[in-house]
$ cat input.cif   # mmCIF, C-alpha atoms
data_input
loop_
_atom_site.label_atom_id
_atom_site.label_comp_id
_atom_site.auth_asym_id
_atom_site.auth_seq_id
_atom_site.Cartn_x
_atom_site.Cartn_y
_atom_site.Cartn_z
CA MET A 1476 -31.12 100.36 -192.26
CA ASN A 1477 -32.86 98.57 -189.43
CA ILE A 1478 -33.58 100.57 -186.30
CA LYS A 1479 -31.54 98.88 -183.57
CA LYS A 1480 -31.10 101.54 -180.89
CA ALA A 1481 -33.48 103.60 -178.78
CA VAL A 1482 -32.86 106.61 -176.58
CA PHE A 1483 -34.86 106.93 -173.36
CA PRO A 1484 -34.50 110.47 -171.90
CA SER A 1485 -34.99 109.91 -168.16
CA ALA A 1486 -33.14 112.71 -166.38
CA GLY A 1487 -36.11 114.88 -165.38
CA PHE A 1488 -37.03 115.59 -161.76
CA GLY A 1489 -40.67 114.49 -162.08
CA THR A 1490 -41.87 117.60 -160.25
CA ARG A 1491 -45.53 116.98 -161.16
CA PHE A 1492 -45.45 113.95 -158.87
CA LEU A 1493 -43.80 115.51 -155.84
CA PRO A 1494 -43.48 114.56 -153.03
CA ALA A 1495 -43.55 110.95 -154.32
CA THR A 1496 -40.64 111.64 -156.67
CA LYS A 1497 -38.42 113.31 -154.08
CA ALA A 1498 -36.54 110.04 -153.57
CA ILE A 1499 -38.02 107.78 -156.28
CA PRO A 1500 -37.47 108.39 -160.00
CA LYS A 1501 -40.73 109.15 -161.77
CA GLU A 1502 -39.84 106.40 -164.24
CA MET A 1503 -40.03 103.87 -161.41
CA LEU A 1504 -43.56 104.76 -160.26
CA PRO A 1505 -45.69 101.62 -160.68
CA ILE A 1506 -48.43 101.11 -163.22
CA VAL A 1507 -50.17 98.13 -161.59
CA ASP A 1508 -47.03 96.05 -160.80
CA LYS A 1509 -44.44 97.28 -163.30
CA PRO A 1510 -42.53 100.56 -163.27
CA LEU A 1511 -43.56 103.13 -165.84
CA ILE A 1512 -40.37 102.86 -167.89
CA GLN A 1513 -40.68 99.09 -168.32
CA TYR A 1514 -43.76 99.40 -170.53
CA ALA A 1515 -41.81 101.45 -173.09
CA VAL A 1516 -38.80 99.11 -172.84
CA GLU A 1517 -41.07 96.13 -173.57
CA GLU A 1518 -42.52 98.02 -176.56
CA ALA A 1519 -38.99 98.63 -177.83
CA LYS A 1520 -38.11 94.94 -177.57
CA ALA A 1521 -41.38 93.90 -179.23
CA SER A 1522 -40.50 96.30 -182.07
CA GLY A 1523 -37.18 94.54 -182.72
CA LEU A 1524 -34.86 97.06 -181.04
CA GLU A 1525 -31.72 95.64 -179.48
CA GLU A 1526 -30.11 98.40 -177.39
CA ILE A 1527 -31.59 100.94 -174.99
CA ILE A 1528 -29.60 104.10 -174.22
CA VAL A 1529 -31.00 105.58 -171.01
CA VAL A 1530 -30.16 109.22 -170.33
CA THR A 1531 -30.21 109.56 -166.55
CA GLY A 1532 -29.56 112.25 -163.98
CA MET A 1533 -28.92 112.61 -160.28
CA GLY A 1534 -30.88 110.13 -158.16
CA LYS A 1535 -31.79 107.78 -161.02
CA THR A 1536 -29.76 104.72 -160.03
CA ALA A 1537 -32.97 102.80 -159.25
CA ILE A 1538 -33.57 102.56 -163.02
CA GLU A 1539 -30.22 100.82 -163.51
CA ASP A 1540 -30.84 98.54 -160.53
CA HIS A 1541 -34.25 97.52 -161.85
CA PHE A 1542 -32.90 96.28 -165.18
CA ASP A 1543 -29.79 94.70 -163.62
CA THR A 1544 -29.41 91.21 -162.20
CA SER A 1545 -30.29 90.88 -158.51
CA PHE A 1546 -28.35 87.85 -157.25
CA GLU A 1547 -29.60 88.07 -153.66
CA LEU A 1548 -33.25 88.34 -154.65
CA GLU A 1549 -32.93 85.53 -157.19
CA LEU A 1550 -31.27 83.28 -154.60
CA LEU A 1551 -34.02 84.02 -152.06
CA LEU A 1552 -36.81 83.27 -154.54
CA LYS A 1553 -35.08 80.07 -155.64
CA GLU A 1554 -34.66 78.88 -152.04
CA ARG A 1555 -38.35 79.54 -151.34
CA GLY A 1556 -39.51 77.75 -154.48
CA LYS A 1557 -41.09 80.84 -156.02
CA ASP A 1558 -40.15 79.91 -159.56
CA ASP A 1559 -42.81 82.11 -161.20
CA LEU A 1560 -41.45 85.26 -159.54
CA LEU A 1561 -37.88 84.15 -160.22
CA GLY A 1562 -38.64 83.84 -163.91
CA MET A 1563 -40.32 87.22 -163.93
CA ILE A 1564 -37.38 89.16 -162.51
CA ARG A 1565 -34.89 87.27 -164.71
CA ASP A 1566 -36.95 88.26 -167.74
CA VAL A 1567 -36.67 91.93 -166.70
CA SER A 1568 -32.87 91.82 -166.51
CA GLU A 1569 -32.62 90.05 -169.87
CA LEU A 1570 -35.04 92.22 -171.88
CA VAL A 1571 -32.47 94.04 -174.04
CA ARG A 1572 -28.95 95.47 -173.81
CA PHE A 1573 -28.75 98.67 -171.74
CA VAL A 1574 -26.31 101.58 -171.91
CA TYR A 1575 -26.47 104.51 -169.50
CA THR A 1576 -25.24 108.07 -169.87
CA ARG A 1577 -25.82 111.07 -167.62
CA GLN A 1578 -27.29 114.45 -168.46
CA LYS A 1579 -25.49 116.61 -165.90
CA LYS A 1580 -27.71 119.69 -166.33
CA PRO A 1581 -31.46 119.85 -167.11
CA LEU A 1582 -31.08 121.46 -170.53
CA GLY A 1583 -34.08 119.96 -172.24
CA LEU A 1584 -35.11 117.02 -174.40
CA GLY A 1585 -33.00 118.13 -177.35
CA HIS A 1586 -29.88 118.24 -175.20
CA ALA A 1587 -30.65 114.82 -173.70
CA ILE A 1588 -30.74 113.36 -177.20
CA PHE A 1589 -27.65 115.28 -178.33
CA ILE A 1590 -25.41 113.78 -175.64
CA THR A 1591 -26.08 110.28 -177.02
CA ARG A 1592 -24.40 111.25 -180.32
CA ASN A 1593 -21.28 109.11 -179.81
CA LEU A 1594 -23.39 106.12 -178.74
CA ILE A 1595 -25.63 106.21 -181.81
CA ASN A 1596 -22.73 105.82 -184.28
CA ASN A 1597 -24.36 107.56 -187.24
CA GLU A 1598 -27.41 105.28 -187.35
CA PRO A 1599 -31.12 106.07 -187.43
CA PHE A 1600 -32.57 105.53 -183.97
CA ALA A 1601 -35.78 105.62 -181.95
CA VAL A 1602 -36.70 107.88 -179.06
CA PHE A 1603 -39.19 106.86 -176.38
CA LEU A 1604 -40.69 109.24 -173.84
CA GLY A 1605 -41.70 106.83 -171.11
CA ASP A 1606 -44.57 109.00 -169.84
CA ASP A 1607 -46.63 107.85 -172.82
CA ILE A 1608 -48.03 104.35 -172.39
CA ILE A 1609 -49.65 103.16 -175.61
CA VAL A 1610 -51.74 100.00 -175.72
CA SER A 1611 -51.98 98.57 -179.24
CA LYS A 1612 -52.17 95.25 -181.06
CA THR A 1613 -49.04 96.10 -183.03
CA PRO A 1614 -46.41 97.99 -180.99
CA VAL A 1615 -46.40 101.64 -182.03
CA MET A 1616 -42.67 101.68 -182.71
CA ARG A 1617 -43.08 98.68 -185.01
CA GLN A 1618 -45.81 100.61 -186.86
CA MET A 1619 -43.40 103.54 -187.20
CA THR A 1620 -40.48 101.47 -188.43
CA ALA A 1621 -42.67 100.36 -191.34
CA VAL A 1622 -43.07 104.04 -192.26
CA PHE A 1623 -39.34 104.65 -191.87
CA ASN A 1624 -38.49 101.70 -194.08
CA ARG A 1625 -40.71 103.19 -196.78
CA PHE A 1626 -39.32 106.73 -196.75
CA ASN A 1627 -35.92 106.53 -194.94
CA SER A 1628 -36.75 109.80 -193.21
CA SER A 1629 -37.48 110.84 -189.63
CA VAL A 1630 -40.93 109.82 -188.36
CA LEU A 1631 -42.95 111.42 -185.56
CA ALA A 1632 -45.87 109.76 -183.79
CA VAL A 1633 -48.91 112.05 -183.72
CA GLN A 1634 -52.38 111.93 -182.23
CA ARG A 1635 -55.41 114.17 -182.62
CA VAL A 1636 -56.09 116.22 -179.50
CA PRO A 1637 -58.88 118.68 -178.60
CA GLY A 1638 -58.14 122.22 -179.78
CA ASN A 1639 -58.03 123.54 -176.22
CA GLU A 1640 -55.23 121.09 -175.38
CA ALA A 1641 -52.97 121.79 -178.37
CA HIS A 1642 -50.95 124.33 -176.37
CA LEU A 1643 -49.64 121.45 -174.23
CA TYR A 1644 -47.87 119.75 -177.15
CA GLY A 1645 -45.66 120.18 -180.14
CA VAL A 1646 -48.07 120.40 -183.09
CA ILE A 1647 -47.46 119.73 -186.77
CA LYS A 1648 -48.70 121.32 -189.95
CA GLY A 1649 -48.83 118.50 -192.46
CA HIS A 1650 -49.79 117.40 -195.95
CA LYS A 1651 -51.69 114.12 -196.01
CA VAL A 1652 -50.00 111.56 -198.25
CA ALA A 1653 -51.91 108.44 -197.14
CA PRO A 1654 -54.48 107.52 -194.47
CA GLY A 1655 -52.90 108.45 -191.14
CA LEU A 1656 -49.64 109.60 -192.76
CA TYR A 1657 -48.49 113.18 -193.28
CA ARG A 1658 -45.47 114.92 -194.73
CA VAL A 1659 -44.56 117.57 -192.17
CA LEU A 1660 -44.58 121.14 -193.46
CA ASP A 1661 -43.91 122.85 -190.12
CA LEU A 1662 -43.85 122.23 -186.37
CA VAL A 1663 -44.74 124.50 -183.47
CA GLU A 1664 -43.82 123.79 -179.85
CA LYS A 1665 -46.77 124.53 -177.52
CA PRO A 1666 -48.56 127.04 -179.78
CA GLN A 1667 -49.99 129.98 -177.89
CA GLY A 1668 -52.28 131.24 -180.65
CA ARG A 1669 -54.24 129.27 -183.22
CA PRO A 1670 -52.49 125.88 -183.66
CA PRO A 1671 -51.61 124.78 -187.21
CA SER A 1672 -53.63 121.57 -186.69
CA ASN A 1673 -54.91 119.28 -183.96
CA LEU A 1674 -52.17 116.70 -184.64
CA ALA A 1675 -49.98 116.65 -181.54
CA ILE A 1676 -46.57 115.01 -181.35
CA ILE A 1677 -46.58 112.08 -178.92
CA GLY A 1678 -43.56 110.53 -177.22
CA ARG A 1679 -42.32 108.23 -179.99
CA TYR A 1680 -39.82 109.31 -182.66
CA ILE A 1681 -37.58 107.76 -185.27
CA LEU A 1682 -34.74 110.15 -186.09
CA THR A 1683 -31.96 110.07 -188.64
CA PRO A 1684 -28.46 110.92 -187.35
CA ASP A 1685 -28.75 114.27 -189.15
CA ILE A 1686 -30.72 115.43 -186.10
CA PHE A 1687 -27.44 115.89 -184.22
CA GLY A 1688 -26.25 118.55 -186.67
CA ALA A 1689 -29.61 120.29 -186.32
CA LEU A 1690 -29.40 120.14 -182.53
CA GLU A 1691 -25.94 121.68 -182.70
CA LYS A 1692 -27.47 124.67 -184.50
CA THR A 1693 -30.49 124.97 -182.18
CA GLU A 1694 -30.52 128.01 -179.92
CA PRO A 1695 -31.61 127.47 -176.30
CA GLY A 1696 -35.19 128.50 -175.63
CA LYS A 1697 -37.12 129.20 -172.45
CA GLY A 1698 -35.16 128.26 -169.34
CA GLY A 1699 -32.04 127.67 -171.43
CA GLU A 1700 -33.45 124.38 -172.71
CA ILE A 1701 -32.77 122.99 -176.18
CA GLN A 1702 -36.10 121.93 -177.67
CA LEU A 1703 -36.27 118.93 -179.97
CA THR A 1704 -39.10 120.56 -181.91
CA ASP A 1705 -36.86 123.53 -182.76
CA ALA A 1706 -34.16 121.16 -184.02
CA LEU A 1707 -36.71 119.31 -186.14
CA ARG A 1708 -37.68 122.60 -187.78
CA ILE A 1709 -34.03 123.08 -188.74
CA LEU A 1710 -33.81 119.49 -190.01
CA LEU A 1711 -36.93 120.10 -192.09
CA ARG A 1712 -34.97 122.59 -194.23
CA SER A 1713 -32.78 119.82 -195.62
CA GLN A 1714 -34.88 116.65 -195.54
CA GLU A 1715 -38.44 115.42 -195.35
CA ILE A 1716 -40.04 114.46 -192.04
CA TYR A 1717 -43.17 112.34 -191.77
CA ALA A 1718 -45.84 112.19 -189.08
CA TYR A 1719 -47.74 108.97 -188.42
CA GLU A 1720 -51.13 108.83 -186.73
CA PHE A 1721 -50.61 105.58 -184.86
CA GLU A 1722 -53.15 102.90 -184.00
CA GLY A 1723 -53.57 102.42 -180.28
CA VAL A 1724 -54.82 103.94 -177.05
CA ARG A 1725 -52.42 106.32 -175.36
CA TYR A 1726 -52.29 107.24 -171.67
CA ASP A 1727 -50.30 110.27 -170.53
CA ALA A 1728 -48.84 108.79 -167.36
CA GLY A 1729 -46.75 111.93 -166.82
CA ASP A 1730 -49.94 113.62 -165.66
CA LYS A 1731 -51.58 112.64 -162.36
CA LEU A 1732 -55.00 111.94 -163.86
CA GLY A 1733 -53.46 110.14 -166.84
CA PHE A 1734 -51.37 108.06 -164.44
CA ILE A 1735 -54.50 106.98 -162.55
CA LYS A 1736 -56.32 106.20 -165.82
CA ALA A 1737 -53.37 104.08 -167.00
CA ASN A 1738 -53.41 102.10 -163.77
CA ILE A 1739 -57.14 101.43 -164.05
CA ALA A 1740 -57.06 100.62 -167.77
CA LEU A 1741 -54.16 98.18 -167.49
CA ALA A 1742 -55.55 96.59 -164.33
CA MET A 1743 -58.80 95.97 -166.23
CA LYS A 1744 -56.81 93.86 -168.71
CA ARG A 1745 -55.69 91.56 -165.90
CA PRO A 1746 -58.00 88.56 -165.26
CA ASP A 1747 -56.71 88.36 -161.69
CA LEU A 1748 -57.68 91.97 -160.96
CA LYS A 1749 -60.58 92.87 -163.24
CA PRO A 1750 -63.55 91.27 -161.34
CA ALA A 1751 -62.70 92.86 -157.98
CA LEU A 1752 -61.80 96.18 -159.63
CA VAL A 1753 -65.11 96.34 -161.54
CA LYS A 1754 -66.98 95.67 -158.31
CA PHE A 1755 -65.00 98.39 -156.53
CA LEU A 1756 -65.56 100.97 -159.29
CA LYS A 1757 -69.29 100.26 -159.39
CA GLY A 1758 -69.40 100.78 -155.65
CA ILE A 1759 -67.74 104.18 -156.03
CA GLY A 1760 -70.35 105.12 -158.65
CA ARG A 1761 -73.20 104.33 -156.25
CA GLY A 1762 -71.55 106.44 -153.58
#
$ encode --input "input.cif" --output "structure tokens"
Amino acid sequence: MNIKKAVFPSAGFGTRFLPATKAIPKEMLPIVDKPLIQYAVEEAKASGLEEIIVVTGMGKTAIEDHFDTSFELELLLKERGKDDLLGMIRDVSELVRFVYTRQKKPLGLGHAIFITRNLINNEPFAVFLGDDIIVSKTPVMRQMTAVFNRFNSSVLAVQRVPGNEAHLYGVIKGHKVAPGLYRVLDLVEKPQGRPPSNLAIIGRYILTPDIFGALEKTEPGKGGEIQLTDALRILLRSQEIYAYEFEGVRYDAGDKLGFIKANIALAMKRPDLKPALVKFLKGIGRG
């Protein structure tokens, strides 16, 4: 089956970016001139996905407004002859089809995915964690769908991380079946001791609908949250899961330093910004 739907869990409070996120959803913080979430939405569209299911929470209406039509703004831009900007904002509202559902309590990533069960309709689907911006020639989700089409099993995006950072991620133990491709033998969420590998799970998943049954059996962990990694361990008992070491450069924009790096890296790809930015950065180096 083709992957047509993607879940975007977006109900978190964004506490690492307070006070900026007191009134603005973290997903709407700008990377250069586009909100964080838009990069992942554009990746989804470029990967052939047709419907985005956004799991929101209190104070997240700005996400819906951003991807909706803005008649007043469009009329103003048209009257002022700013056709380039008019086209840009129309493109945003016409990217893909959006569906919104609310996670009423912060019960974790697993719970956020579980509440989309009736919207998925027993299909395999993608999950995007918008904090991860990945720059690649071929969209990462398109790379992953090729793996899914080969095995018809859940696929996790993974990346090698330094050993002293493994405790920040879910980490897999895997058996290599091809270059960059592993059959998952086990998963550990934020290992406190020696990690099973240095292959960390990054914010892109393709999941079969069987994950919902596994989530139903998953006991809440720390803070009463339902962890997706725990559900994947349950799923692993009944079906194979694969991990794919994707091609691309990833920026963790959910971290302050990663957010700054993403802004600089993507600004450097802009011909209108790069010359002045290079000059500015060289000036900082001399200081």
$ atom_distance --input "input.cif" --atom1 "CA of Gln1714 (chain A)" --atom2 "CA of Ala1632 (chain A)"
17.5 Å
$ closest_residue --input "input.cif" --among "A:Phe1483, A:Tyr1719, A:Tyr1726, A:Phe1492" --to "Leu1631 (chain A)" --atoms "all atoms listed in the file"
A:Tyr1719
$ atom_distance --input "input.cif" --atom1 "CA of Gly1723 (chain A)" --atom2 "CA of Glu1517 (chain A)"
15.5 Å
$ resolve_selection --input "input.cif" --expression "the PyMOL selection byres ((chain A and resi 1706) around 6)" --output "MDAnalysis selection string"
chainID A and resid 1689:1690 1693 1703:1705 1707:1709
$ axis_aligned_box --input "input.cif" --around "region 1580-1585 of chain A" --padding-each-side "8 Å" --output "JSON"
{"center_x": -31.4, "center_y": 119.2, "center_z": -171.8, "size_x": 23.4, "size_y": 20.4, "size_z": 27.0}
$ atom_distance --input "input.cif" --atom1 "CA of Pro1750 (chain A)" --atom2 "CA of Lys1736 (chain A)"
17.2 Å
$ resolve_selection --input "input.cif" --expression "the PyMOL selection byres ((chain A and resi 1537) around 10)" --output "VMD selection string"
chain A and resid 1498 to 1500 1502 to 1503 1534 to 1536 1538 to 1543
$ resolve_selection --input "input.cif" --expression "the PyMOL selection byres ((chain A and resi 1722) around 12)" --output "JSON, numbers by chain"
{"A": [1609, 1610, 1611, 1612, 1613, 1614, 1615, 1616, 1617, 1618, 1619, 1632, 1633, 1634, 1635, 1654, 1655, 1656, 1719, 1720, 1721, 1723, 1724, 1725]}
$ residues_around --input "input.cif" --residues "region 1524-1531 of chain A" --least-positions-apart "3" --cutoff "7 Å" --atoms "all atoms listed in the file" --output "ChimeraX atom specification"
/A:1478-1486,1519-1520,1535,1571-1578,1587
